[in-house]
Structure formats: C-alpha cells, structure tokens
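**Student:** input_15.txt is reproduced in full below (compact mmCIF, C-alpha atoms and all ligand atoms).
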# COMPACT_ATOMS: atom_id res chain seq x y z
CA MET D 195 -1.40 4.55 12.86
CA PRO D 196 2.15 4.43 11.41
CA PRO D 197 4.97 5.73 13.65
CA ARG D 198 6.00 9.35 12.90
CA PRO D 199 9.73 9.64 13.64
CA THR D 200 11.62 12.82 12.88
CA LEU D 201 15.09 11.33 13.06
CA LEU D 202 16.08 7.71 13.55
CA GLN D 203 19.74 7.04 14.23
CA ALA D 204 19.38 3.31 13.90
CA GLU D 205 18.54 1.71 10.63
CA PRO D 206 14.82 0.92 10.56
CA ALA D 207 13.80 -2.71 10.19
CA LEU D 208 11.94 -3.78 7.06
CA SER D 209 8.71 -4.09 9.06
CA ASP D 210 9.09 -0.44 10.20
CA LEU D 211 9.69 0.64 6.61
CA LEU D 212 6.50 -1.09 5.47
CA GLN D 213 4.56 0.88 8.07
CA LEU D 214 6.32 4.18 7.47
CA TYR D 215 5.72 4.02 3.73
CA ALA D 216 2.27 2.41 3.79
CA ALA D 217 0.39 3.76 0.78
CA PRO D 218 -2.71 5.84 1.52
CA PRO D 219 -6.15 4.24 1.00
CA TYR D 220 -6.71 6.16 -2.27
CA PRO D 221 -4.89 6.25 -5.63
CA SER D 222 -1.45 7.71 -5.13
CA VAL D 223 1.74 8.42 -7.03
CA ARG D 224 5.07 8.24 -5.32
CA MET D 225 8.48 8.99 -6.83
CA ASN D 226 11.66 7.42 -5.51
CA PHE D 227 15.20 8.70 -6.16
CA VAL D 228 18.70 8.61 -4.77
CA SER D 229 21.00 11.62 -5.06
CA THR D 230 24.49 12.69 -4.00
CA LEU D 231 24.91 15.82 -1.88
CA ASP D 232 25.80 17.79 -5.02
CA GLY D 233 22.64 16.64 -6.75
CA HIS D 234 23.88 13.86 -9.03
CA ALA D 235 21.20 11.29 -9.85
CA SER D 236 23.68 8.86 -11.37
CA GLY D 237 27.31 7.88 -10.91
CA PRO D 238 30.19 8.27 -13.38
CA ASP D 239 28.97 5.12 -15.19
CA GLY D 240 25.60 6.79 -15.89
CA ARG D 241 23.71 4.52 -13.52
CA ALA D 242 21.96 5.18 -10.22
CA GLY D 243 23.10 1.72 -9.13
CA SER D 244 26.60 3.10 -8.59
CA ILE D 245 25.53 5.79 -6.11
CA ASN D 246 23.06 3.86 -3.99
CA SER D 247 23.66 1.98 -0.75
CA ALA D 248 22.33 -0.92 1.30
CA PRO D 249 19.88 1.26 3.32
CA ASP D 250 18.63 2.87 0.09
CA GLN D 251 18.12 -0.56 -1.47
CA ARG D 252 16.03 -1.64 1.51
CA VAL D 253 13.74 1.37 1.12
CA PHE D 254 13.67 0.76 -2.64
CA ALA D 255 12.53 -2.86 -2.06
CA ALA D 256 9.94 -1.84 0.56
CA LEU D 257 8.47 0.80 -1.77
CA ARG D 258 8.18 -1.76 -4.57
CA ALA D 259 6.54 -4.23 -2.22
CA LEU D 260 3.89 -1.63 -1.32
CA SER D 261 3.03 -0.79 -4.91
CA ASP D 262 0.70 -2.20 -7.56
CA ALA D 263 2.70 -0.75 -10.44
CA VAL D 264 6.24 0.59 -10.85
CA VAL D 265 6.39 3.18 -13.64
CA VAL D 266 9.77 3.80 -15.27
CA GLY D 267 10.85 6.00 -18.19
CA ALA D 268 12.54 4.21 -21.08
CA GLY D 269 15.79 6.16 -20.53
CA THR D 270 16.10 4.63 -17.08
CA ILE D 271 15.06 1.20 -18.32
CA ARG D 272 17.84 1.30 -20.92
CA ALA D 273 20.47 2.76 -18.55
CA GLU D 274 19.75 0.46 -15.62
CA GLY D 275 18.92 -2.74 -17.52
CA TYR D 276 15.41 -3.27 -16.14
CA ARG D 277 13.75 -6.67 -16.34
CA PRO D 278 10.26 -7.70 -15.21
CA LEU D 279 10.00 -7.24 -11.43
CA ARG D 280 10.28 -10.01 -8.90
CA THR D 281 9.72 -9.75 -5.14
CA ARG D 282 12.68 -11.68 -3.78
CA SER D 283 12.47 -11.32 0.00
CA ALA D 284 10.25 -13.79 1.86
CA GLU D 285 9.18 -11.02 4.27
CA LEU D 286 8.08 -8.75 1.44
CA LEU D 287 6.31 -11.59 -0.37
CA GLU D 288 4.42 -12.35 2.82
CA ALA D 289 3.49 -8.66 3.19
CA ARG D 290 2.14 -8.55 -0.37
CA ARG D 291 0.12 -11.71 0.12
CA ALA D 292 -1.25 -10.46 3.45
CA ALA D 293 -2.41 -7.28 1.68
CA GLY D 294 -4.09 -9.34 -1.07
CA ARG D 295 -1.68 -8.18 -3.78
CA PRO D 296 -0.12 -10.34 -6.49
CA ASP D 297 3.37 -11.54 -5.60
CA HIS D 298 5.11 -9.08 -7.93
CA PRO D 299 4.30 -5.53 -8.99
CA THR D 300 3.62 -4.73 -12.65
CA LEU D 301 6.43 -2.90 -14.43
CA VAL D 302 5.10 -0.05 -16.55
CA ALA D 303 7.49 1.29 -19.19
CA VAL D 304 6.93 4.80 -20.59
CA THR D 305 8.28 5.44 -24.09
CA ALA D 306 7.68 7.55 -27.18
CA SER D 307 10.30 5.81 -29.37
CA GLY D 308 9.27 2.24 -28.51
CA ASP D 309 12.96 1.44 -28.02
CA LEU D 310 12.71 -1.04 -25.15
CA PRO D 311 15.31 -3.76 -24.61
CA ASP D 312 14.58 -7.40 -25.47
CA ARG D 313 15.38 -8.52 -21.94
CA LEU D 314 12.40 -6.47 -20.71
CA LEU D 315 10.02 -7.68 -23.40
CA GLU D 316 10.85 -11.34 -23.20
CA GLY D 317 9.30 -11.66 -19.72
CA ALA D 318 10.63 -13.93 -16.99
CA ALA D 319 9.27 -16.85 -15.02
CA ASP D 320 7.87 -15.96 -11.62
CA SER D 321 7.91 -12.20 -12.26
CA GLY D 322 5.33 -9.45 -12.64
CA ASP D 323 3.58 -8.35 -15.81
CA VAL D 324 5.01 -5.70 -18.13
CA LEU D 325 2.86 -2.91 -19.58
CA VAL D 326 3.99 -0.24 -22.03
CA LEU D 327 2.57 3.28 -22.10
CA CYS D 328 3.30 4.91 -25.45
CA THR D 329 1.95 7.41 -27.96
CA GLU D 330 0.00 7.29 -31.21
CA ARG D 331 3.29 7.80 -33.05
CA THR D 332 5.22 5.03 -31.28
CA PRO D 333 6.17 2.12 -33.59
CA ARG D 334 4.20 -0.58 -31.79
CA ARG D 335 4.40 -3.76 -33.86
CA ARG D 336 7.42 -5.24 -32.02
CA LEU D 337 5.93 -4.34 -28.62
CA VAL D 338 2.55 -5.88 -29.46
CA ASP D 339 4.17 -9.01 -30.92
CA ARG D 340 6.17 -9.52 -27.73
CA LEU D 341 3.71 -8.45 -25.02
CA GLY D 342 0.28 -8.72 -26.64
CA ALA D 343 -2.01 -5.88 -27.70
CA ASP D 344 -3.59 -5.67 -24.27
CA ALA D 345 -0.26 -4.70 -22.70
CA VAL D 346 0.54 -1.77 -25.03
CA LEU D 347 -1.49 1.32 -24.12
CA VAL D 348 -1.61 4.51 -26.15
CA CYS D 349 -1.83 7.55 -23.87
CA GLY D 350 -1.22 10.62 -26.02
CA THR D 351 -0.20 11.89 -29.43
CA ASP D 352 3.41 13.04 -28.98
CA GLY D 353 4.09 12.27 -25.35
CA VAL D 354 2.51 9.98 -22.76
CA GLN D 355 0.00 12.15 -20.90
CA PRO D 356 0.35 11.57 -17.15
CA HIS D 357 -3.37 11.93 -16.28
CA GLN D 358 -4.43 9.64 -19.09
CA ALA D 359 -1.71 7.13 -18.15
CA LEU D 360 -2.77 7.03 -14.50
CA SER D 361 -6.41 6.67 -15.40
CA LEU D 362 -5.62 3.67 -17.68
CA LEU D 363 -3.61 2.08 -14.88
CA ALA D 364 -6.43 2.68 -12.38
CA GLN D 365 -8.89 0.97 -14.74
CA ARG D 366 -6.71 -2.13 -14.32
CA GLY D 367 -6.71 -1.82 -10.54
CA LEU D 368 -3.17 -0.41 -10.48
CA VAL D 369 -3.73 2.47 -8.05
CA ARG D 370 -0.71 2.44 -5.77
CA VAL D 371 1.78 3.77 -8.26
CA LEU D 372 5.49 4.00 -7.55
CA SER D 373 7.73 5.66 -10.10
CA GLU D 374 11.48 5.07 -10.08
CA GLY D 375 11.96 7.97 -12.49
CA GLY D 376 13.91 8.92 -14.26
CA PRO D 377 14.51 12.64 -14.31
CA HIS D 378 12.55 13.44 -17.50
CA LEU D 379 9.57 11.38 -16.40
CA PHE D 380 9.62 13.09 -12.98
CA GLY D 381 9.83 16.51 -14.64
CA ASP D 382 6.83 15.69 -16.79
CA TRP D 383 4.77 14.35 -13.91
CA LEU D 384 5.68 17.31 -11.68
CA ARG D 385 4.47 19.71 -14.38
CA ALA D 386 1.24 17.72 -14.67
CA GLY D 387 0.74 17.93 -10.89
CA VAL D 388 0.17 14.19 -10.43
CA VAL D 389 2.89 13.43 -7.86
CA ASP D 390 1.83 13.00 -4.21
CA ASP D 391 5.04 11.86 -2.54
CA LEU D 392 8.78 12.17 -3.10
CA CYS D 393 11.05 9.60 -1.48
CA LEU D 394 14.68 10.65 -1.68
CA THR D 395 17.83 9.08 -0.31
CA LEU D 396 20.60 11.63 0.09
CA ARG D 397 24.04 9.98 -0.09
CA PRO D 398 26.87 11.72 1.80
CA THR D 399 29.20 12.12 -1.16
CA LEU D 400 30.13 14.69 -3.81
CA LEU D 401 30.94 13.71 -7.40
CA GLY D 402 31.62 17.10 -9.01
CA GLY D 403 31.22 17.62 -12.74
CA VAL D 404 27.83 17.53 -14.39
CA GLY D 405 25.20 14.84 -14.51
CA PRO D 406 21.44 14.38 -14.41
CA ARG D 407 19.54 15.74 -11.42
CA ILE D 408 16.45 14.00 -10.10
CA ALA D 409 14.14 16.28 -12.14
CA GLU D 410 15.00 17.43 -15.64
CA VAL D 411 12.39 20.05 -16.39
CA ALA D 412 12.21 23.66 -17.55
CA ALA D 413 11.84 26.19 -14.73
CA LEU D 414 8.73 25.36 -12.75
CA ASN D 415 6.42 28.30 -12.29
CA PRO D 416 4.85 28.08 -9.79
CA ARG D 417 7.65 26.14 -8.14
CA ALA D 418 6.96 22.71 -6.70
CA THR D 419 6.84 22.75 -2.89
CA PHE D 420 7.25 19.85 -0.50
CA GLU D 421 6.50 19.20 3.16
CA PRO D 422 8.69 16.72 5.05
CA VAL D 423 6.96 13.58 6.29
CA HIS D 424 9.99 11.89 7.83
CA VAL D 425 13.75 11.81 7.95
CA LEU D 426 15.50 8.51 8.60
CA HIS D 427 19.20 8.09 9.09
CA ALA D 428 21.17 4.95 8.29
CA GLU D 429 24.87 4.47 7.62
CA GLY D 430 25.29 8.17 6.87
CA ASP D 431 22.41 8.32 4.41
CA LEU D 432 19.46 10.64 4.96
CA ILE D 433 16.33 8.85 3.88
CA LEU D 434 13.73 11.51 3.25
CA ARG D 435 10.06 11.39 2.52
CA TYR D 436 8.20 14.49 1.37
CA ARG D 437 4.59 15.16 0.53
CA VAL D 438 3.99 17.45 -2.43
CA VAL D 439 1.98 20.45 -1.26
CA SER D 440 1.88 22.41 -4.52
N1 LIG C 501 19.09 8.57 -8.93
C1 LIG C 501 17.99 7.92 -9.20
O1 LIG C 501 17.25 7.55 -8.30
C2 LIG C 501 17.64 7.66 -10.63
C3 LIG C 501 16.38 7.14 -10.95
C4 LIG C 501 16.10 6.93 -12.30
C5 LIG C 501 17.04 7.23 -13.27
N2 LIG C 501 18.23 7.74 -12.91
C6 LIG C 501 19.26 8.07 -13.92
O2 LIG C 501 18.71 8.96 -14.87
C7 LIG C 501 19.34 8.74 -16.12
C8 LIG C 501 18.29 8.59 -17.20
O3 LIG C 501 17.65 9.84 -17.32
P1 LIG C 501 16.42 10.09 -18.30
O4 LIG C 501 15.94 11.45 -18.07
O5 LIG C 501 16.80 9.64 -19.66
O6 LIG C 501 15.38 9.05 -17.72
P2 LIG C 501 13.85 8.81 -18.01
O7 LIG C 501 12.99 9.95 -17.62
O8 LIG C 501 13.61 7.49 -17.40
O9 LIG C 501 13.84 8.57 -19.57
C9 LIG C 501 13.47 9.51 -20.52
C10 LIG C 501 12.83 8.72 -21.63
O10 LIG C 501 11.66 8.06 -21.10
C11 LIG C 501 10.60 8.18 -22.01
N3 LIG C 501 9.67 9.15 -21.47
C12 LIG C 501 9.74 9.81 -20.29
N4 LIG C 501 8.65 10.58 -20.13
C13 LIG C 501 7.90 10.38 -21.24
C14 LIG C 501 6.65 10.87 -21.67
N5 LIG C 501 5.94 11.74 -20.93
N6 LIG C 501 6.17 10.47 -22.86
C15 LIG C 501 6.84 9.59 -23.63
N7 LIG C 501 8.04 9.07 -23.27
C16 LIG C 501 8.54 9.48 -22.09
C17 LIG C 501 11.23 8.63 -23.32
O11 LIG C 501 11.69 7.40 -23.88
P3 LIG C 501 12.03 7.15 -25.42
O12 LIG C 501 13.37 7.76 -25.61
O13 LIG C 501 12.04 5.65 -25.55
O14 LIG C 501 10.97 7.80 -26.22
C18 LIG C 501 12.35 9.51 -22.82
O15 LIG C 501 13.38 9.68 -23.77
C19 LIG C 501 20.18 7.49 -15.99
O16 LIG C 501 21.53 7.92 -15.79
C20 LIG C 501 19.67 6.85 -14.73
O17 LIG C 501 20.64 6.12 -14.06
C21 LIG C 501 18.54 7.97 -11.61
Since I need it in another form, could you write the structure as structure tokens?
**Tutor:**
Amino acid sequence: MPPRPTLLQAEPALSDLLQLYAAPPYPSVRMNFVSTLDGHASGPDGRAGSINSAPDQRVFAALRALSDAVVVGAGTIRAEGYRPLRTRSAELLEARRAAGRPDHPTLVAVTASGDLPDRLLEGAADSGDVLVLCTERTPRRRLVDRLGADAVLVCGTDGVQPHQALSLLAQRGLVRVLSEGGPHLFGDWLRAGVVDDLCLTLRPTLLGGVGPRIAEVAALNPRATFEPVHVLHAEGDLILRYRVVS
C-alpha cells in the first residue's frame, strides 16, 4: 500500500515518488504540468523548461519511469525540442526492469499537420520508440519514410480522437499512459473524459502578462472536478496530485 501523506515538508526521495505515483493495475491516463501561481504554463521564452525546478524535474522523471507511453502534442514537441525518450537514472532504469518494462518509454506524438521536427524522427541510440498519432488528412509520407508505416497511426478524420488513440495504444500494450500536455491536448482529452489523474507542480512565482494555461479549452460544461490525492512540498514548490472525479 503506497504511503498517503497530506503534506511533506522534506523533499521525497525518488523511491518514495515511485510508490506515491505507482500507476493503478488498469489502463490509466495521467497528465503532468507545471504552473506558476498566476497560472502560466510556460516562461517568457515560451517553454515550460524555464519555469520548472529540480523537485519538479524529479517528479517528471519518476512519472516517465512509471509509464509505458508518454503522449505529447506537436505544439509542445516543437516548443520544447523533444527527442526520443531515454531513462537516464540508474535507479529509474532498475525500477523499470524490475517491473518488466522496456528501459525507455515510447514517445507518442499527436499531430494533425504532420509538422514534427527531424530530431524527433531521426531516432536515437539507446532510446525509446517513437509513434505518431495523426488524422486521415495529415500528410504522412515523410513520417512513414522516417519511422515506418507501423509507427504512424491514423486516429480520426480532422483531429486525433482520444478514445481511438488510447485504444490503439492499448492494443500495443501501452496502457500506463502519461501525457506531458500541452494545453490544447489536455483540453481535448478533458472534454473527451479520458483523463484519470492530474499531476501539477505549482511554482511560487508570478510572471504577469498573458501566456498559455495548463488547459486551453472552451468553457467546460459540466466543469471538470478533481479530488486531491496528495500534496508534497519541496523547495517552495507544491507538488500536487489530483484524481479526476467528473
Ligand atoms: N507547463 C507545462 O507543464 C507545459 C506542458 C506542455 C506544454 N507547455 C507549453 O505549452 C505551449 C504549447 O502549447 P500548445 O497548446 O501548442 O501545446 P500542445 O497541446 O502540445 O500542441 C497543440 C498541437 O498539438 C497537436 N494536437 C493536439 N491535440 C490534437 C488533436 N486532438 N488532434 C490532432 N492534433 C492535436 C496539433 O499539432 P499540429 O499543429 O502539428 O497539427 C496542435 O496544434 C508551449 O509554450 C509549452 O512550453 C507547458
């Protein structure tokens, strides 16, 4: 039974994080974001990398280590410079091997335009696979040439349909799904009702101005409601985990 803290003053060790965030024994979808106190999901340079912190990065790495697939919208892939995923820490590699998982999670890119950077498509030694979820209208030749037809999955006509996407991933044994956003993907998946968990690091800073929030979506009716699972506290960050209740 994982520990159930309500507030930890000390920074949790990686082994505690692996227990606290252990994925349930059924297919699940978990979203992970970092936000400033005034709701910015990226810094002035347009990247989340400039608002995160060491404690947030540890949770980020633990969540990846617990997942089969990491799903990311193409906007985030382009903004953050994603490459195929690699589990770097020896402790996390050991945890994956002990759980019978491949060393690295599969990166799943979601796109309608097909505009994915070369550095993602060219693959990398000792890294996880890359899959693309796209639509019937997506120009696919370049993607298929680079990744192979088996790695380019059509999941909808105009947009990638979340239920269809998750079912195609499950058919490949990718059932513990982590999504690192971004905001449009989260909005879409919230509307489709497929999200089980929201992991959110709240950074104690204000940026002012305008910028993306964690969910870019038209007004939700009914609203999405969350129940807290835990609150961790490290170096001033609040590290929150919520379960989606409706
Ligand atoms: N704070 C955080 O934790 C965090 C996390 C992630 C991202 N971000 C920030 O968010 C910003 C990017 O925002 P964003 O809204 O552009 O990110 P996004 O949701 O990752 O990207 C949107 C794009 O992803 C593709 N996409 C998403 N849902 C789709 C669907 N259902 N069907 C087909 N394609 C779909 C489309 O790509 P195409 O245009 O290729 O068709 C769409 O234009 C960046 O500044 C990034 O740093 C912050």
**Student:** Nearest residue to ligand LIG 501 (chain C) out of D:Ala345, D:Ile408, D:Leu368, D:Leu426, using all atoms listed in the file?
**Tutor:** D:Ile408
**Student:** Give me, as a PyMOL selection string, the set of residues whose atoms come within 8 Å of any atom of ligand LIG 501 (chain C), counting only C-alpha atoms and all ligand atoms.
**Tutor:** chain D and resi 226-229+234-237+239-243+245-246+266-271+273-274+304-310+327-329+352-356+374-383+394+405-410
**Student:** List every protein, DNA or RNA residue that has an atom no more than 12 Å from (12.2, 5.9, 4.1) in the file's coordinate frame, counting all atoms listed in the file, and report them as a PyMOL selection string.
**Tutor:** chain D and resi 197-202+205-216+225-228+249-257+391-396+422-428+431-436
**Student:** Please measure the separation of atom CA of Arg290 of chain D and atom CA of Pro278 of chain D, giving the value in Å to one decimal.
**Tutor:** 16.9 Å
**Student:** Between atom CA of Arg313 of chain D and atom CA of Arg277 of chain D, measure the distance and give it in Å to one decimal.
**Tutor:**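 Result for atom CA of Arg313 of chain D versus atom CA of Arg277 of chain D: 6.1 Å, one decimal.
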**Student:** Which one of D:Leu287, D:Leu279, D:Val264, D:Ala343 sits closest to Gly317 of chain D if you count all atoms listed in the file?
**Tutor:** D:Leu279
**Student:** Considering only C-alpha atoms, can you say which of D:Ala217, D:Leu337, D:Asp232, D:Thr351 comes closest to Val404 of chain D?
**Tutor:**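 Checking each of D:Ala217, D:Leu337, D:Asp232, D:Thr351 against Val404 of chain D, counting only C-alpha atoms, the winner is D:Asp232.
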**Student:** Using all atoms listed in the file for the distances, tell me which of D:Gly350, D:Arg366, D:Arg224, D:Arg437 is nearest to Leu325 of chain D.
**Tutor:**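 Going through D:Gly350, D:Arg366, D:Arg224, D:Arg437 one by one, the smallest distance to Leu325 of chain D is for D:Arg366.
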**Student:** Padding 4 Å on every side, please: axis-aligned box over the listed atoms of segment 226-239 of chain D, centre and edge lengths to one decimal in Å, as JSON.
**Tutor:**
{"center_x": 20.9, "center_y": 11.5, "center_z": -8.5, "size_x": 26.5, "size_y": 20.7, "size_z": 21.3}
**Student:** Kindly extract all protein, DNA and RNA residues lying within 9 Å of the coordinates (30.8, 9.3, -2.3) given in the file, considering only C-alpha atoms, and supply them as a list in words.
**Tutor:**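 Answer for this query, in the requested form: Thr230, Leu231, Ile245, Arg397, Pro398, Thr399, Leu400 and Leu401 of chain D.
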